[in-house]
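So this block is work27.cif, mmCIF, C-alpha atoms:
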```
data_structure
loop_
_atom_site.group_PDB
_atom_site.id
_atom_site.type_symbol
_atom_site.label_atom_id
_atom_site.label_comp_id
_atom_site.auth_asym_id
_atom_site.auth_seq_id
_atom_site.Cartn_x
_atom_site.Cartn_y
_atom_site.Cartn_z
ATOM 1 C CA LYS S 1 0.000 0.000 0.000
ATOM 2 C CA GLY S 2 1.420 3.333 -1.034
ATOM 3 C CA SER S 3 4.561 1.883 -2.627
ATOM 4 C CA GLY S 4 3.234 1.780 -6.188
ATOM 5 C CA GLU S 5 4.267 -1.867 -6.454
ATOM 6 C CA ASP S 6 1.965 -4.766 -7.261
ATOM 7 C CA VAL S 7 0.949 -6.925 -4.321
ATOM 8 C CA TYR S 8 -0.051 -10.557 -4.761
ATOM 9 C CA PHE S 9 -2.002 -12.692 -2.306
ATOM 10 C CA SER S 10 -1.989 -16.457 -2.298
ATOM 11 C CA CYS S 11 -4.078 -18.601 0.011
ATOM 12 C CA SER S 12 -4.688 -22.314 0.376
ATOM 13 C CA GLU S 13 -8.227 -21.785 1.707
ATOM 14 C CA ASN S 14 -11.282 -20.715 -0.294
ATOM 15 C CA PHE S 15 -12.885 -17.672 1.319
ATOM 16 C CA SER S 16 -15.574 -17.425 -1.373
ATOM 17 C CA HIS S 17 -16.309 -13.866 -2.538
ATOM 18 C CA ARG S 18 -15.214 -12.085 0.650
ATOM 19 C CA PRO S 19 -11.606 -11.176 -0.269
ATOM 20 C CA ARG S 20 -12.640 -9.349 -3.433
ATOM 21 C CA PHE S 21 -14.429 -6.727 -1.355
ATOM 22 C CA LEU S 22 -12.155 -6.770 1.678
ATOM 23 C CA LEU S 23 -9.015 -6.248 -0.429
ATOM 24 C CA ALA S 24 -10.728 -3.610 -2.548
ATOM 25 C CA GLY S 25 -11.021 -1.554 0.633
ATOM 26 C CA LEU S 26 -7.211 -1.420 0.842
ATOM 27 C CA VAL S 27 -6.477 -0.033 -2.611
ATOM 28 C CA GLU S 28 -5.363 3.518 -3.238
ATOM 29 C CA THR S 29 -6.891 3.832 -6.676
ATOM 30 C CA GLU S 30 -9.912 5.669 -8.003
ATOM 31 C CA PHE S 31 -11.657 2.544 -9.290
ATOM 32 C CA VAL S 32 -11.991 -1.139 -8.423
ATOM 33 C CA PHE S 33 -12.449 -3.904 -11.005
ATOM 34 C CA ILE S 34 -13.560 -7.369 -9.922
ATOM 35 C CA GLN S 35 -13.448 -10.305 -12.315
ATOM 36 C CA ASP S 36 -14.534 -13.911 -11.897
ATOM 37 C CA ASP S 37 -11.795 -16.391 -12.736
ATOM 38 C CA ASP S 38 -13.647 -17.855 -15.725
ATOM 39 C CA PHE S 39 -13.851 -14.569 -17.677
ATOM 40 C CA CYS S 40 -11.322 -12.366 -19.431
ATOM 41 C CA LEU S 41 -11.411 -8.960 -21.108
ATOM 42 C CA ALA S 42 -12.690 -9.164 -24.685
ATOM 43 C CA ARG S 43 -10.838 -6.062 -25.903
ATOM 44 C CA PRO S 44 -8.231 -3.659 -24.480
ATOM 45 C CA THR S 45 -10.531 -0.614 -24.514
ATOM 46 C CA VAL S 46 -12.931 -1.989 -21.877
ATOM 47 C CA PHE S 47 -11.290 -0.249 -18.905
ATOM 48 C CA GLY S 48 -11.497 3.144 -20.606
ATOM 49 C CA GLU S 49 -15.152 2.522 -21.443
ATOM 50 C CA LEU S 50 -15.914 1.455 -17.869
ATOM 51 C CA ILE S 51 -14.197 4.547 -16.467
ATOM 52 C CA ALA S 52 -16.202 6.775 -18.816
ATOM 53 C CA LEU S 53 -19.471 5.044 -17.865
ATOM 54 C CA SER S 54 -18.643 5.214 -14.160
ATOM 55 C CA ARG S 55 -17.946 8.932 -14.399
ATOM 56 C CA THR S 56 -21.454 9.471 -15.808
ATOM 57 C CA ARG S 57 -22.841 7.426 -12.876
ATOM 58 C CA PRO S 58 -20.410 8.259 -10.050
ATOM 59 C CA ASP S 59 -22.533 6.804 -7.258
ATOM 60 C CA HIS S 60 -23.312 3.505 -8.991
ATOM 61 C CA PHE S 61 -21.969 0.007 -8.601
ATOM 62 C CA LEU S 62 -21.647 -1.426 -12.141
ATOM 63 C CA GLY S 63 -22.416 -5.122 -12.564
ATOM 64 C CA HIS S 64 -22.522 -7.396 -15.598
ATOM 65 C CA ARG S 65 -26.259 -7.881 -15.296
ATOM 66 C CA GLY S 66 -28.949 -6.617 -13.011
ATOM 67 C CA LYS S 67 -32.257 -7.606 -11.524
ATOM 68 C CA VAL S 68 -35.217 -5.226 -11.604
ATOM 69 C CA PHE S 69 -37.997 -6.223 -9.239
ATOM 70 C CA GLY S 70 -41.623 -5.331 -9.894
ATOM 71 C CA GLU S 71 -45.225 -6.417 -9.736
ATOM 72 C CA TRP S 72 -44.532 -9.309 -12.142
ATOM 73 C CA SER S 73 -41.879 -10.780 -9.795
ATOM 74 C CA ASP S 74 -42.454 -14.315 -8.594
ATOM 75 C CA LYS S 75 -43.217 -13.962 -4.867
ATOM 76 C CA GLN S 76 -41.670 -17.329 -4.086
ATOM 77 C CA LYS S 77 -38.601 -17.165 -6.328
ATOM 78 C CA PRO S 78 -37.786 -13.551 -7.206
ATOM 79 C CA TYR S 79 -34.076 -14.255 -7.773
ATOM 80 C CA GLN S 80 -34.647 -17.351 -9.905
ATOM 81 C CA HIS S 81 -37.569 -15.859 -11.835
ATOM 82 C CA SER S 82 -36.276 -15.341 -15.385
ATOM 83 C CA THR S 83 -38.106 -12.045 -15.885
ATOM 84 C CA GLY S 84 -36.453 -8.919 -14.598
ATOM 85 C CA TRP S 85 -32.817 -9.602 -15.498
ATOM 86 C CA CYS S 86 -31.302 -6.889 -17.659
ATOM 87 C CA GLY S 87 -27.957 -6.494 -19.393
ATOM 88 C CA GLU S 88 -28.020 -2.708 -19.579
ATOM 89 C CA GLY S 89 -29.720 -0.148 -17.371
ATOM 90 C CA GLU S 90 -30.676 0.829 -13.836
ATOM 91 C CA ALA S 91 -31.232 -2.155 -11.577
ATOM 92 C CA ASP S 92 -32.268 -2.878 -8.018
ATOM 93 C CA MET S 93 -29.550 -5.525 -7.729
ATOM 94 C CA ALA S 94 -26.333 -6.072 -9.695
ATOM 95 C CA ASN S 95 -24.408 -9.281 -10.229
ATOM 96 C CA THR S 96 -21.064 -8.763 -8.488
ATOM 97 C CA GLY S 97 -18.985 -11.470 -10.219
ATOM 98 C CA ASN S 98 -17.702 -9.057 -12.838
ATOM 99 C CA SER S 99 -18.035 -5.535 -11.501
ATOM 100 C CA PHE S 100 -16.520 -2.065 -11.579
ATOM 101 C CA PHE S 101 -17.032 0.813 -9.155
ATOM 102 C CA PRO S 102 -15.375 3.858 -7.582
ATOM 103 C CA ALA S 103 -13.218 2.706 -4.656
ATOM 104 C CA ARG S 104 -14.867 5.293 -2.392
ATOM 105 C CA LEU S 105 -18.102 3.262 -2.512
ATOM 106 C CA MET S 106 -16.410 0.535 -0.460
ATOM 107 C CA ASN S 107 -17.226 2.417 2.739
ATOM 108 C CA LYS S 108 -20.936 1.811 2.045
ATOM 109 C CA MET S 109 -20.596 -1.975 1.887
ATOM 110 C CA PRO S 110 -20.798 -4.106 5.017
ATOM 111 C CA VAL S 111 -17.423 -5.787 5.438
ATOM 112 C CA ASN S 112 -18.595 -8.576 7.705
ATOM 113 C CA PRO S 113 -22.372 -8.264 7.882
ATOM 114 C CA TYR S 114 -23.189 -11.497 9.674
ATOM 115 C CA PHE S 115 -21.589 -10.044 12.822
ATOM 116 C CA GLU S 116 -24.087 -7.200 12.761
ATOM 117 C CA PRO S 117 -27.032 -8.133 15.004
ATOM 118 C CA GLY S 118 -30.068 -9.308 13.081
ATOM 119 C CA ASN S 119 -28.503 -8.705 9.667
ATOM 120 C CA LEU S 120 -27.270 -11.877 7.948
ATOM 121 C CA SER S 121 -26.391 -15.402 8.934
ATOM 122 C CA LYS S 122 -23.090 -16.846 7.772
ATOM 123 C CA GLN S 123 -24.829 -18.815 4.991
ATOM 124 C CA GLU S 124 -26.807 -15.768 3.868
ATOM 125 C CA TYR S 125 -23.586 -13.792 3.685
ATOM 126 C CA GLN S 126 -21.741 -16.516 1.820
ATOM 127 C CA TYR S 127 -24.386 -17.007 -0.872
ATOM 128 C CA GLY S 128 -25.960 -13.574 -0.993
ATOM 129 C CA ASP S 129 -23.128 -11.248 -2.039
ATOM 130 C CA ASP S 130 -25.173 -9.829 -4.931
ATOM 131 C CA MET S 131 -27.900 -8.904 -2.485
ATOM 132 C CA TYR S 132 -25.927 -7.431 0.392
ATOM 133 C CA VAL S 133 -23.682 -5.367 -1.888
ATOM 134 C CA SER S 134 -26.650 -4.115 -3.915
ATOM 135 C CA LYS S 135 -28.639 -3.208 -0.823
ATOM 136 C CA TYR S 136 -26.067 -0.506 -0.052
ATOM 137 C CA GLN S 137 -25.526 0.758 -3.615
ATOM 138 C CA LYS S 138 -27.203 2.279 -6.593
ATOM 139 C CA CYS S 139 -26.765 -0.394 -9.268
ATOM 140 C CA TYR S 140 -26.364 -0.271 -13.018
ATOM 141 C CA ALA S 141 -26.053 -3.296 -15.309
ATOM 142 C CA THR S 142 -23.711 -2.918 -18.251
ATOM 143 C CA GLU S 143 -22.878 -5.136 -21.211
ATOM 144 C CA LEU S 144 -19.272 -3.901 -20.861
ATOM 145 C CA LEU S 145 -18.944 -6.422 -18.042
ATOM 146 C CA HIS S 146 -20.637 -9.220 -19.946
ATOM 147 C CA LYS S 147 -21.204 -9.891 -23.633
ATOM 148 C CA GLY S 148 -19.808 -6.585 -24.869
ATOM 149 C CA GLY S 149 -16.598 -6.464 -22.890
ATOM 150 C CA MET S 150 -15.919 -9.814 -21.242
ATOM 151 C CA THR S 151 -15.490 -13.278 -22.693
ATOM 152 C CA ALA S 152 -16.338 -16.486 -20.847
ATOM 153 C CA LEU S 153 -13.548 -19.030 -20.606
ATOM 154 C CA PRO S 154 -15.290 -22.416 -20.692
ATOM 155 C CA GLU S 155 -11.924 -24.206 -20.778
ATOM 156 C CA CYS S 156 -11.268 -23.112 -17.180
ATOM 157 C CA GLY S 157 -13.502 -25.850 -15.876
ATOM 158 C CA VAL S 158 -14.192 -23.816 -12.760
ATOM 159 C CA GLY S 159 -16.237 -25.788 -10.301
ATOM 160 C CA VAL S 160 -18.421 -23.751 -7.997
ATOM 161 C CA SER S 161 -19.650 -25.379 -4.834
ATOM 162 C CA HIS S 162 -23.023 -24.301 -3.524
ATOM 163 C CA HIS S 163 -25.022 -24.859 -0.399
ATOM 164 C CA PRO S 164 -27.903 -27.232 -1.278
ATOM 165 C CA GLN S 165 -30.373 -24.384 -0.744
ATOM 166 C CA HIS S 166 -28.287 -21.525 -2.161
ATOM 167 C CA MET S 167 -31.065 -20.426 -4.520
ATOM 168 C CA ASP S 168 -33.571 -20.526 -1.664
ATOM 169 C CA ILE S 169 -31.224 -18.287 0.334
ATOM 170 C CA ARG S 170 -30.964 -15.834 -2.582
ATOM 171 C CA ASN S 171 -34.734 -15.812 -3.091
ATOM 172 C CA MET S 172 -35.296 -15.157 0.625
ATOM 173 C CA LEU S 173 -32.760 -12.295 0.678
ATOM 174 C CA CYS S 174 -34.401 -10.691 -2.355
ATOM 175 C CA LEU S 175 -37.745 -10.826 -0.547
ATOM 176 C CA ARG S 176 -36.148 -9.364 2.580
ATOM 177 C CA TYR S 177 -34.463 -6.441 0.806
ATOM 178 C CA TRP S 178 -36.877 -5.722 -2.046
ATOM 179 C CA GLY S 179 -40.138 -7.199 -0.732
ATOM 180 C CA ASP S 180 -41.866 -3.833 -1.071
ATOM 181 C CA LYS S 181 -41.201 -3.965 -4.837
ATOM 182 C CA ILE S 182 -42.397 -7.564 -5.177
ATOM 183 C CA LYS S 183 -46.211 -7.310 -5.117
#
```
Could you take the file, read its structure, and then write that structure out as structure tokens?
Amino acid sequence: KGSGEDVYFSCSENFSHRPRFLLAGLVETEFVFIQDDDFCLARPTVFGELIALSRTRPDHFLGHRGKVFGEWSDKQKPYQHSTGWCGEGEADMANTGNSFFPARLMNKMPVNPYFEPGNLSKQEYQYGDDMYVSKYQKCYATELLHKGGMTALPECGVGVSHHPQHMDIRNMLCLRYWGDKIK
């Protein structure tokens, strides 16, 4: 920190999505870029385009797709319901796997929310990063972080482990945070 040199972290334990946000709070840069390990940049101009977009929406967390809740939302499965996902535009919730945002927004995100009384359980925190980050941010979905600017790497063979009820957890968190928008 402060030396201008790159810093690399290596760990033998999987801490899920937590380090991406915890480490982002340590950077001394204007912007933070988070990328899942099975994607890569599709073209070299993406960072410039993301910076330009972020400057037009300085208080927004940019995600590669977003969820817009409304009266059509499935009351039982609002996260899983196929309607409401958008690739471009204002969103209630953004997918955090590939994301870009001003570093100063980090102070709005809960670093360890399941230690806050009545907030989230450990499982909710582990499988609900899209929800708890979005709850504290204005969100905007952009194709620059998906089809327009990122390329999936199917050859990675990344295996993601999930809690047996991870979708139930996500559905429940959506109802908790955006229940007033789900009629």
Selection: 8 Å around S:Gln137, all atoms listed in the file, excl. self and same-chain fewer than 4 positions, as JSON, numbers by chain: {"S": [59, 60, 61, 105, 108, 109, 133]}
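For the pair atom CA of S:Lys75 and atom CA of S:Glu143, the interatomic distance is 27.5 Å.
Pairwise distance (atom CA of S:Phe100, atom CA of S:Phe33) equals 4.5 Å.
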Point (-25.0, -10.5, -0.7) neighbourhood (12 Å, all atoms listed in the file) written as a ChimeraX atom specification: /S:16-18,21,93-97,109-114,119-137,166,169-174,176-177
Using only C-alpha atoms, which of the listed residues (S:Gly25, S:Gly48, S:Gly179, S:Gly149) sits closest to S:Ala103? S:Gly25
